[in-house]
file data_38.txt (compact mmCIF, C-alpha atoms)
# COMPACT_ATOMS: atom_id res chain seq x y z
CA MET A 41 -15.25 -82.87 -105.19
CA LEU A 42 -13.59 -82.32 -108.54
CA ILE A 43 -16.62 -80.41 -109.82
CA ILE A 44 -16.78 -78.26 -106.67
CA ALA A 45 -13.04 -77.60 -106.91
CA TYR A 46 -13.35 -76.58 -110.56
CA LEU A 47 -16.25 -74.22 -109.80
CA LEU A 48 -14.41 -72.68 -106.86
CA GLY A 49 -11.35 -72.13 -109.02
CA SER A 50 -13.51 -70.63 -111.76
CA ILE A 51 -14.64 -67.70 -109.60
CA PRO A 52 -13.04 -64.70 -111.39
CA SER A 53 -12.00 -62.75 -108.30
CA GLY A 54 -10.25 -59.91 -110.12
CA VAL A 55 -13.14 -59.36 -112.52
CA MET A 56 -15.66 -59.36 -109.66
CA ILE A 57 -13.74 -56.88 -107.49
CA GLY A 58 -12.99 -54.61 -110.45
CA LYS A 59 -16.57 -54.41 -111.67
CA LYS A 60 -18.26 -54.29 -108.25
CA PHE A 61 -16.11 -51.66 -106.53
CA PHE A 62 -14.28 -49.81 -109.30
CA ASN A 63 -16.54 -50.17 -112.36
CA ILE A 64 -13.45 -51.40 -114.22
CA ASP A 65 -13.04 -54.58 -116.23
CA ILE A 66 -9.41 -55.51 -115.59
CA ARG A 67 -9.53 -57.78 -118.62
CA LYS A 68 -9.46 -54.57 -120.65
CA ALA A 69 -6.78 -52.79 -118.61
CA GLY A 70 -3.09 -53.29 -117.90
CA SER A 71 -1.93 -56.70 -119.10
CA GLY A 72 -5.53 -57.91 -119.38
CA ASN A 73 -4.89 -60.70 -116.90
CA ILE A 74 -7.45 -61.24 -114.13
CA GLY A 75 -4.90 -62.26 -111.50
CA THR A 76 -3.29 -60.56 -108.53
CA THR A 77 -0.45 -58.75 -110.31
CA ASN A 78 -2.66 -56.99 -112.83
CA THR A 79 -5.20 -56.19 -110.10
CA PHE A 80 -2.46 -54.50 -108.07
CA ARG A 81 -1.36 -52.62 -111.18
CA VAL A 82 -4.82 -51.46 -112.27
CA LEU A 83 -6.90 -51.25 -109.09
CA GLY A 84 -4.27 -50.65 -106.41
CA PRO A 85 -2.81 -52.53 -103.42
CA LYS A 86 -6.04 -52.92 -101.42
CA ALA A 87 -7.93 -54.54 -104.28
CA GLY A 88 -4.85 -56.55 -105.22
CA THR A 89 -4.55 -57.91 -101.69
CA VAL A 90 -8.23 -58.89 -101.61
CA VAL A 91 -7.91 -60.72 -104.94
CA LEU A 92 -4.74 -62.44 -103.75
CA LEU A 93 -6.49 -63.71 -100.62
CA MET A 94 -9.55 -64.80 -102.60
CA ASP A 95 -7.44 -66.71 -105.12
CA VAL A 96 -5.43 -68.42 -102.38
CA LEU A 97 -8.67 -69.26 -100.54
CA LYS A 98 -10.12 -70.87 -103.67
CA GLY A 99 -7.25 -73.33 -103.76
CA THR A 100 -7.36 -73.95 -100.01
CA LEU A 101 -11.09 -74.65 -99.93
CA ALA A 102 -10.90 -76.89 -102.98
CA ALA A 103 -8.03 -78.96 -101.61
CA SER A 104 -9.60 -79.14 -98.14
CA GLN A 105 -12.61 -81.10 -99.35
CA PRO A 106 -11.15 -84.56 -98.59
CA TYR A 107 -10.68 -83.39 -94.98
CA LEU A 108 -14.14 -81.81 -94.81
CA PHE A 109 -15.89 -84.84 -96.33
CA GLN A 110 -13.71 -87.26 -94.36
CA THR A 111 -12.39 -89.15 -97.37
CA PRO A 112 -8.77 -89.90 -96.40
CA ASN A 113 -8.27 -92.10 -99.46
CA VAL A 114 -8.58 -89.02 -101.72
CA ASN A 115 -5.43 -86.93 -102.08
CA PRO A 116 -6.11 -83.18 -101.58
CA LEU A 117 -3.49 -82.21 -104.16
CA LEU A 118 -5.28 -84.09 -106.92
CA ILE A 119 -8.59 -82.42 -106.04
CA GLY A 120 -6.81 -79.07 -105.94
CA LEU A 121 -5.66 -79.49 -109.53
CA ALA A 122 -9.29 -79.06 -110.61
CA ALA A 123 -9.31 -75.62 -108.96
CA ILE A 124 -6.24 -74.66 -110.98
CA LEU A 125 -8.00 -75.72 -114.17
CA GLY A 126 -10.99 -73.66 -113.07
CA HIS A 127 -8.85 -70.60 -112.40
CA THR A 128 -7.07 -70.78 -115.75
CA PHE A 129 -10.05 -71.94 -117.82
CA SER A 130 -12.99 -70.40 -115.97
CA ILE A 131 -16.50 -71.43 -116.98
CA PHE A 132 -17.59 -67.97 -115.79
CA ASP A 133 -15.10 -66.17 -118.07
CA HIS A 134 -15.48 -67.91 -121.41
CA PHE A 135 -12.82 -70.43 -120.35
CA ASN A 136 -10.19 -67.74 -119.92
CA GLY A 137 -8.46 -66.98 -116.64
CA GLY A 138 -5.35 -66.21 -114.67
CA LYS A 139 -2.00 -67.93 -114.26
CA ALA A 140 -2.91 -69.89 -111.11
CA VAL A 141 0.10 -69.03 -108.95
CA ALA A 142 -1.97 -67.87 -105.95
CA THR A 143 -4.46 -70.71 -106.31
CA SER A 144 -1.58 -73.21 -106.40
CA ALA A 145 -0.26 -71.68 -103.18
CA GLY A 146 -3.69 -72.15 -101.62
CA ILE A 147 -3.64 -75.83 -102.45
CA LEU A 148 -0.26 -76.20 -100.78
CA LEU A 149 -1.62 -74.38 -97.72
CA ALA A 150 -4.33 -77.02 -97.34
CA TYR A 151 -1.96 -79.92 -97.93
CA ASN A 152 1.21 -78.91 -96.09
CA PRO A 153 1.07 -75.59 -94.14
CA PRO A 154 4.77 -75.59 -93.08
CA PHE A 155 5.86 -76.09 -96.69
CA PHE A 156 3.43 -73.33 -97.70
CA ILE A 157 5.27 -70.93 -95.36
CA VAL A 158 8.61 -71.94 -96.88
CA ALA A 159 7.19 -71.41 -100.38
CA CYS A 160 5.90 -67.95 -99.42
CA ILE A 161 9.30 -66.94 -98.07
CA ILE A 162 10.98 -68.12 -101.27
CA PHE A 163 8.46 -66.29 -103.46
CA ALA A 164 8.56 -63.04 -101.45
CA SER A 165 12.37 -63.06 -101.47
CA LEU A 166 12.47 -63.56 -105.23
CA VAL A 167 9.89 -60.82 -105.80
CA TYR A 168 12.06 -58.41 -103.77
CA LEU A 169 15.28 -59.42 -105.54
CA THR A 170 13.96 -59.43 -109.11
CA SER A 171 11.14 -56.86 -108.91
CA MET A 172 9.32 -59.12 -111.39
CA VAL A 173 6.43 -61.31 -110.31
CA SER A 174 6.74 -63.49 -113.40
CA VAL A 175 10.39 -64.35 -112.73
CA ALA A 176 9.65 -64.89 -109.03
CA SER A 177 6.73 -67.20 -109.83
CA MET A 178 8.62 -69.40 -112.27
CA THR A 179 11.83 -69.56 -110.23
CA ALA A 180 9.91 -70.25 -107.02
CA LEU A 181 8.08 -73.19 -108.62
CA VAL A 182 11.39 -74.72 -109.72
CA LEU A 183 12.87 -74.35 -106.23
CA ILE A 184 9.70 -75.65 -104.58
CA SER A 185 9.75 -78.72 -106.84
CA LEU A 186 13.34 -79.42 -105.80
CA LEU A 187 12.60 -78.88 -102.12
CA SER A 188 9.59 -81.20 -102.30
CA LEU A 189 12.03 -84.08 -102.79
CA PHE A 190 13.03 -83.76 -99.12
CA TYR A 191 9.48 -84.67 -98.08
CA HIS A 192 9.70 -88.07 -99.82
CA ASP A 193 6.14 -87.56 -101.05
CA TRP A 194 5.98 -88.62 -104.69
CA ILE A 195 2.52 -87.14 -105.23
CA LEU A 196 3.67 -83.76 -103.89
CA THR A 197 6.75 -83.79 -106.10
CA THR A 198 4.82 -84.94 -109.17
CA VAL A 199 2.17 -82.25 -108.73
CA ALA A 200 4.88 -79.63 -108.11
CA VAL A 201 6.68 -80.58 -111.34
CA VAL A 202 3.43 -80.62 -113.33
CA LEU A 203 2.51 -77.19 -111.94
CA THR A 204 5.98 -75.86 -112.77
CA VAL A 205 5.58 -76.88 -116.40
CA PHE A 206 2.05 -75.46 -116.47
CA ILE A 207 3.09 -72.16 -114.86
CA PHE A 208 5.93 -71.78 -117.37
CA TYR A 209 3.41 -72.39 -120.17
CA ARG A 210 1.04 -69.78 -118.73
CA HIS A 211 3.94 -67.30 -118.56
CA ARG A 212 5.07 -67.82 -122.16
CA GLU A 213 4.29 -64.19 -123.08
CA ASN A 214 6.25 -63.02 -120.04
CA ILE A 215 9.18 -65.18 -121.16
CA LYS A 216 9.11 -63.46 -124.55
CA ARG A 217 9.17 -60.04 -122.86
CA LEU A 218 12.02 -61.16 -120.62
CA LYS A 219 14.04 -62.14 -123.68
CA ASN A 220 13.28 -58.76 -125.24
CA GLY A 221 14.04 -56.87 -122.03
CA THR A 222 10.53 -55.41 -121.90
CA GLU A 223 9.06 -57.24 -118.91
CA SER A 224 7.33 -54.88 -116.47
CA LEU A 225 8.89 -54.21 -113.07
CA ILE A 226 6.92 -53.76 -109.89
CA PRO A 227 7.71 -50.40 -108.20
CA PHE A 228 9.87 -51.77 -105.38
CA GLY A 229 12.62 -54.25 -104.71
CA TYR A 230 16.33 -54.56 -105.37
CA TRP A 231 16.25 -54.66 -109.18
CA TYR A 232 13.73 -51.81 -109.42
CA ASN A 233 15.90 -49.60 -107.22
CA HIS A 234 19.00 -50.62 -109.16
CA LYS A 235 17.40 -49.71 -112.51
CA LYS A 236 16.08 -46.46 -111.04
CA LYS A 237 19.57 -45.41 -109.93
CA SER A 238 21.13 -46.38 -113.24
call {"tool": "encode", "arguments": {"input": "data_38.txt", "output": "structure tokens"}}
result
Amino acid sequence: MLIIAYLLGSIPSGVMIGKKFFNIDIRKAGSGNIGTTNTFRVLGPKAGTVVLLMDVLKGTLAASQPYLFQTPNVNPLLIGLAAILGHTFSIFDHFNGGKAVATSAGILLAYNPPFFIVACIIFASLVYLTSMVSVASMTALVLISLLSLFYHDWILTTVAVVLTVFIFYRHRENIKRLKNGTESLIPFGYWYNHKKKS
């Protein structure tokens, strides 16, 4: 299951969609990242939405294996971590990859659908308020880790904290740009409109 999860996570959705339908290698455009945000930026909202769904699905399928194979003694979250490693260190992309936010969400969808909905609301709200996916991703992970305490599920909380640290590490270049005031804004949301008016 760990191997399958890693291989599922390794599927470079953004690269595949870019090359197949647009003849563009998104690794050489925009920020160079293969994830959803750069796909939206380079290939447009339709392609970005497809990549988002594919990346979420990778995590969901990977973490659903214990249910599919009827192995209740195996925790889906721990299997899902292999998909995150695959997404960030893809065997199909010279062990490069994305930042694993969407794939992490997919794992949560398989493990706890109601909490997944809460997480999506938090993330979407933060994206609208900040107009920055990087800030929304990091802040959402912190809030989700805190909220996980209410479920009294130590594995969920531990995985959430580990993912928070990992996501912050994967966003280290974004953090530098935030400090310098050069982080890119998405073209909608409260902060984008505020900056546009000012």
call {"tool": "closest_atom_pairs", "arguments": {"input": "data_38.txt", "of": "region 99-203 of chain A", "to": "region 213-226 of chain A", "cutoff": "7 Å", "atoms": "all atoms listed in the file", "output": "tab-separated table"}}
result
residue	atom	partner	partner_atom	distance
A:Ser171	CA	A:Ile226	CA	5.3
A:Met172	CA	A:Leu225	CA	5.2
A:Ser174	CA	A:Asn214	CA	6.7
call {"tool": "closest_atom_pairs", "arguments": {"input": "data_38.txt", "of": "region 183-222 of chain A", "to": "region 151-154 of chain A", "cutoff": "12 Å", "atoms": "all atoms listed in the file", "output": "CSV"}}
result
residue,atom,partner,partner_atom,distance
A:Ser188,CA,A:Asn152,CA,10.7
A:Tyr191,CA,A:Asn152,CA,10.3
A:Asp193,CA,A:Asn152,CA,11.1
A:Ile195,CA,A:Tyr151,CA,11.2
A:Leu196,CA,A:Tyr151,CA,9.1
A:Val199,CA,A:Tyr151,CA,11.8
call {"tool": "closest_residue", "arguments": {"input": "data_38.txt", "among": "A:Asn136, A:Thr179, A:Ser144, A:Thr76", "to": "Gly120 (chain A)", "atoms": "only C-alpha atoms"}}
result
A:Ser144
call {"tool": "closest_residue", "arguments": {"input": "data_38.txt", "among": "A:Ile74, A:Ala69, A:Ala150, A:Met41", "to": "Val91 (chain A)", "atoms": "all atoms listed in the file"}}
result
A:Ile74
call {"tool": "residues_around", "arguments": {"input": "data_38.txt", "residues": "Val158 (chain A)", "least_positions_apart": "6", "cutoff": "12 Å", "atoms": "all atoms listed in the file", "output": "PDB file with C-alpha atoms, in the coordinates of the input"}}
result
ATOM      1  CA  ALA A 145      -0.260 -71.680-103.180  1.00  0.00           C
ATOM      2  CA  LEU A 148      -0.260 -76.200-100.780  1.00  0.00           C
ATOM      3  CA  LEU A 149      -1.620 -74.380 -97.720  1.00  0.00           C
ATOM      4  CA  ASN A 152       1.210 -78.910 -96.090  1.00  0.00           C
ATOM      5  CA  ALA A 164       8.560 -63.040-101.450  1.00  0.00           C
ATOM      6  CA  SER A 165      12.370 -63.060-101.470  1.00  0.00           C
ATOM      7  CA  ALA A 180       9.910 -70.250-107.020  1.00  0.00           C
ATOM      8  CA  LEU A 181       8.080 -73.190-108.620  1.00  0.00           C
ATOM      9  CA  LEU A 183      12.870 -74.350-106.230  1.00  0.00           C
ATOM     10  CA  ILE A 184       9.700 -75.650-104.580  1.00  0.00           C
ATOM     11  CA  LEU A 187      12.600 -78.880-102.120  1.00  0.00           C
ATOM     12  CA  SER A 188       9.590 -81.200-102.300  1.00  0.00           C
TER      13      SER A 188
END
call {"tool": "closest_residue", "arguments": {"input": "data_38.txt", "among": "A:Ala176, A:Gly138, A:Thr170, A:Thr198", "to": "Lys235 (chain A)", "atoms": "all atoms listed in the file"}}
result
A:Thr170
call {"tool": "residues_near_point", "arguments": {"input": "data_38.txt", "point": "(-6.0, -77.8, -105.1)", "cutoff": "9 Å", "atoms": "all atoms listed in the file", "output": "PyMOL selection string"}}
result
chain A and resi 45+49+98-104+116-124+143-148+150-151
call {"tool": "atom_distance", "arguments": {"input": "data_38.txt", "atom1": "CA of Thr89 (chain A)", "atom2": "CA of Tyr230 (chain A)"}}
result
21.5 Å
call {"tool": "closest_residue", "arguments": {"input": "data_38.txt", "among": "A:Gly84, A:Tyr107, A:Phe155, A:Ile51", "to": "Phe190 (chain A)", "atoms": "all atoms listed in the file"}}
result
A:Phe155
call {"tool": "decode", "arguments": {"input": "data_38.txt", "residues": "region 49-142 of chain A", "atoms": "C-alpha atoms", "output": "compact mmCIF listing (two decimals), in the first residue's frame"}}
result
# COMPACT_ATOMS: atom_id res chain seq x y z
CA GLY A 49 1.40 10.65 -5.46
CA SER A 50 4.24 10.69 -7.97
CA ILE A 51 1.92 11.24 -10.95
CA PRO A 52 2.92 14.76 -12.13
CA SER A 53 -0.57 16.03 -12.96
CA GLY A 54 0.45 19.56 -13.91
CA VAL A 55 3.24 18.37 -16.21
CA MET A 56 0.95 15.86 -17.90
CA ILE A 57 -1.89 18.33 -18.53
CA GLY A 58 0.50 21.04 -19.71
CA LYS A 59 2.33 18.85 -22.20
CA LYS A 60 -0.68 16.88 -23.44
CA PHE A 61 -3.15 19.72 -24.03
CA PHE A 62 -1.07 22.90 -24.18
CA ASN A 63 2.37 21.76 -25.36
CA ILE A 64 3.78 23.67 -22.38
CA ASP A 65 6.12 22.40 -19.69
CA ILE A 66 4.95 24.30 -16.61
CA ARG A 67 8.26 23.48 -14.93
CA LYS A 68 9.74 26.07 -17.28
CA ALA A 69 6.99 28.68 -16.88
CA GLY A 70 5.68 30.88 -14.08
CA SER A 71 7.13 29.83 -10.74
CA GLY A 72 8.26 26.49 -12.19
CA ASN A 73 6.14 24.58 -9.71
CA ILE A 74 4.01 21.70 -11.02
CA GLY A 75 1.13 22.27 -8.61
CA THR A 76 -2.31 23.83 -8.87
CA THR A 77 -1.39 27.48 -8.34
CA ASN A 78 1.22 27.61 -11.09
CA THR A 79 -1.07 25.62 -13.39
CA PHE A 80 -3.81 28.21 -12.89
CA ARG A 81 -1.28 30.96 -13.54
CA VAL A 82 0.26 29.44 -16.68
CA LEU A 83 -2.46 27.31 -18.25
CA GLY A 84 -5.65 28.97 -17.00
CA PRO A 85 -8.54 28.11 -14.66
CA LYS A 86 -9.82 25.03 -16.52
CA ALA A 87 -6.45 23.30 -16.51
CA GLY A 88 -5.83 24.47 -12.96
CA THR A 89 -9.11 22.98 -11.78
CA VAL A 90 -8.34 19.65 -13.47
CA VAL A 91 -4.90 19.50 -11.84
CA LEU A 92 -6.40 20.43 -8.47
CA LEU A 93 -8.92 17.59 -8.71
CA MET A 94 -6.26 15.13 -9.88
CA ASP A 95 -3.93 16.04 -7.02
CA VAL A 96 -6.72 15.76 -4.45
CA LEU A 97 -7.77 12.42 -5.96
CA LYS A 98 -4.22 11.07 -5.67
CA GLY A 99 -4.31 11.61 -1.93
CA THR A 100 -7.84 10.24 -1.59
CA LEU A 101 -7.10 7.05 -3.52
CA ALA A 102 -3.84 6.48 -1.67
CA ALA A 103 -5.42 6.91 1.77
CA SER A 104 -8.46 4.82 0.82
CA GLN A 105 -6.42 1.66 0.33
CA PRO A 106 -6.93 0.32 3.88
CA TYR A 107 -10.70 0.55 3.27
CA LEU A 108 -10.45 -1.00 -0.20
CA PHE A 109 -8.19 -3.85 0.95
CA GLN A 110 -10.15 -4.29 4.18
CA THR A 111 -7.20 -3.81 6.51
CA PRO A 112 -8.72 -1.89 9.44
CA ASN A 113 -5.51 -2.21 11.47
CA VAL A 114 -3.72 0.08 8.98
CA ASN A 115 -4.28 3.81 9.48
CA PRO A 116 -5.18 5.60 6.20
CA LEU A 117 -3.31 8.74 7.23
CA LEU A 118 -0.02 6.89 7.50
CA ILE A 119 -0.49 5.34 4.06
CA GLY A 120 -1.42 8.77 2.71
CA LEU A 121 1.91 10.20 3.83
CA ALA A 122 3.58 8.08 1.13
CA ALA A 123 1.47 9.88 -1.49
CA ILE A 124 2.71 13.22 -0.16
CA LEU A 125 6.29 12.01 -0.49
CA GLY A 126 5.49 10.90 -4.02
CA HIS A 127 3.98 14.26 -4.92
CA THR A 128 6.93 16.25 -3.57
CA PHE A 129 9.66 13.82 -4.63
CA SER A 130 8.20 12.23 -7.75
CA ILE A 131 9.99 9.25 -9.27
CA PHE A 132 8.54 10.39 -12.61
CA ASP A 133 10.00 13.91 -12.30
CA HIS A 134 13.58 13.31 -11.20
CA PHE A 135 12.43 13.37 -7.56
CA ASN A 136 11.11 16.92 -7.86
CA GLY A 137 7.49 17.88 -7.34
CA GLY A 138 4.87 20.18 -5.89
CA LYS A 139 4.10 21.41 -2.40
CA ALA A 140 1.50 18.74 -1.56
CA VAL A 141 -1.29 20.97 -0.25
CA ALA A 142 -3.98 19.48 -2.54
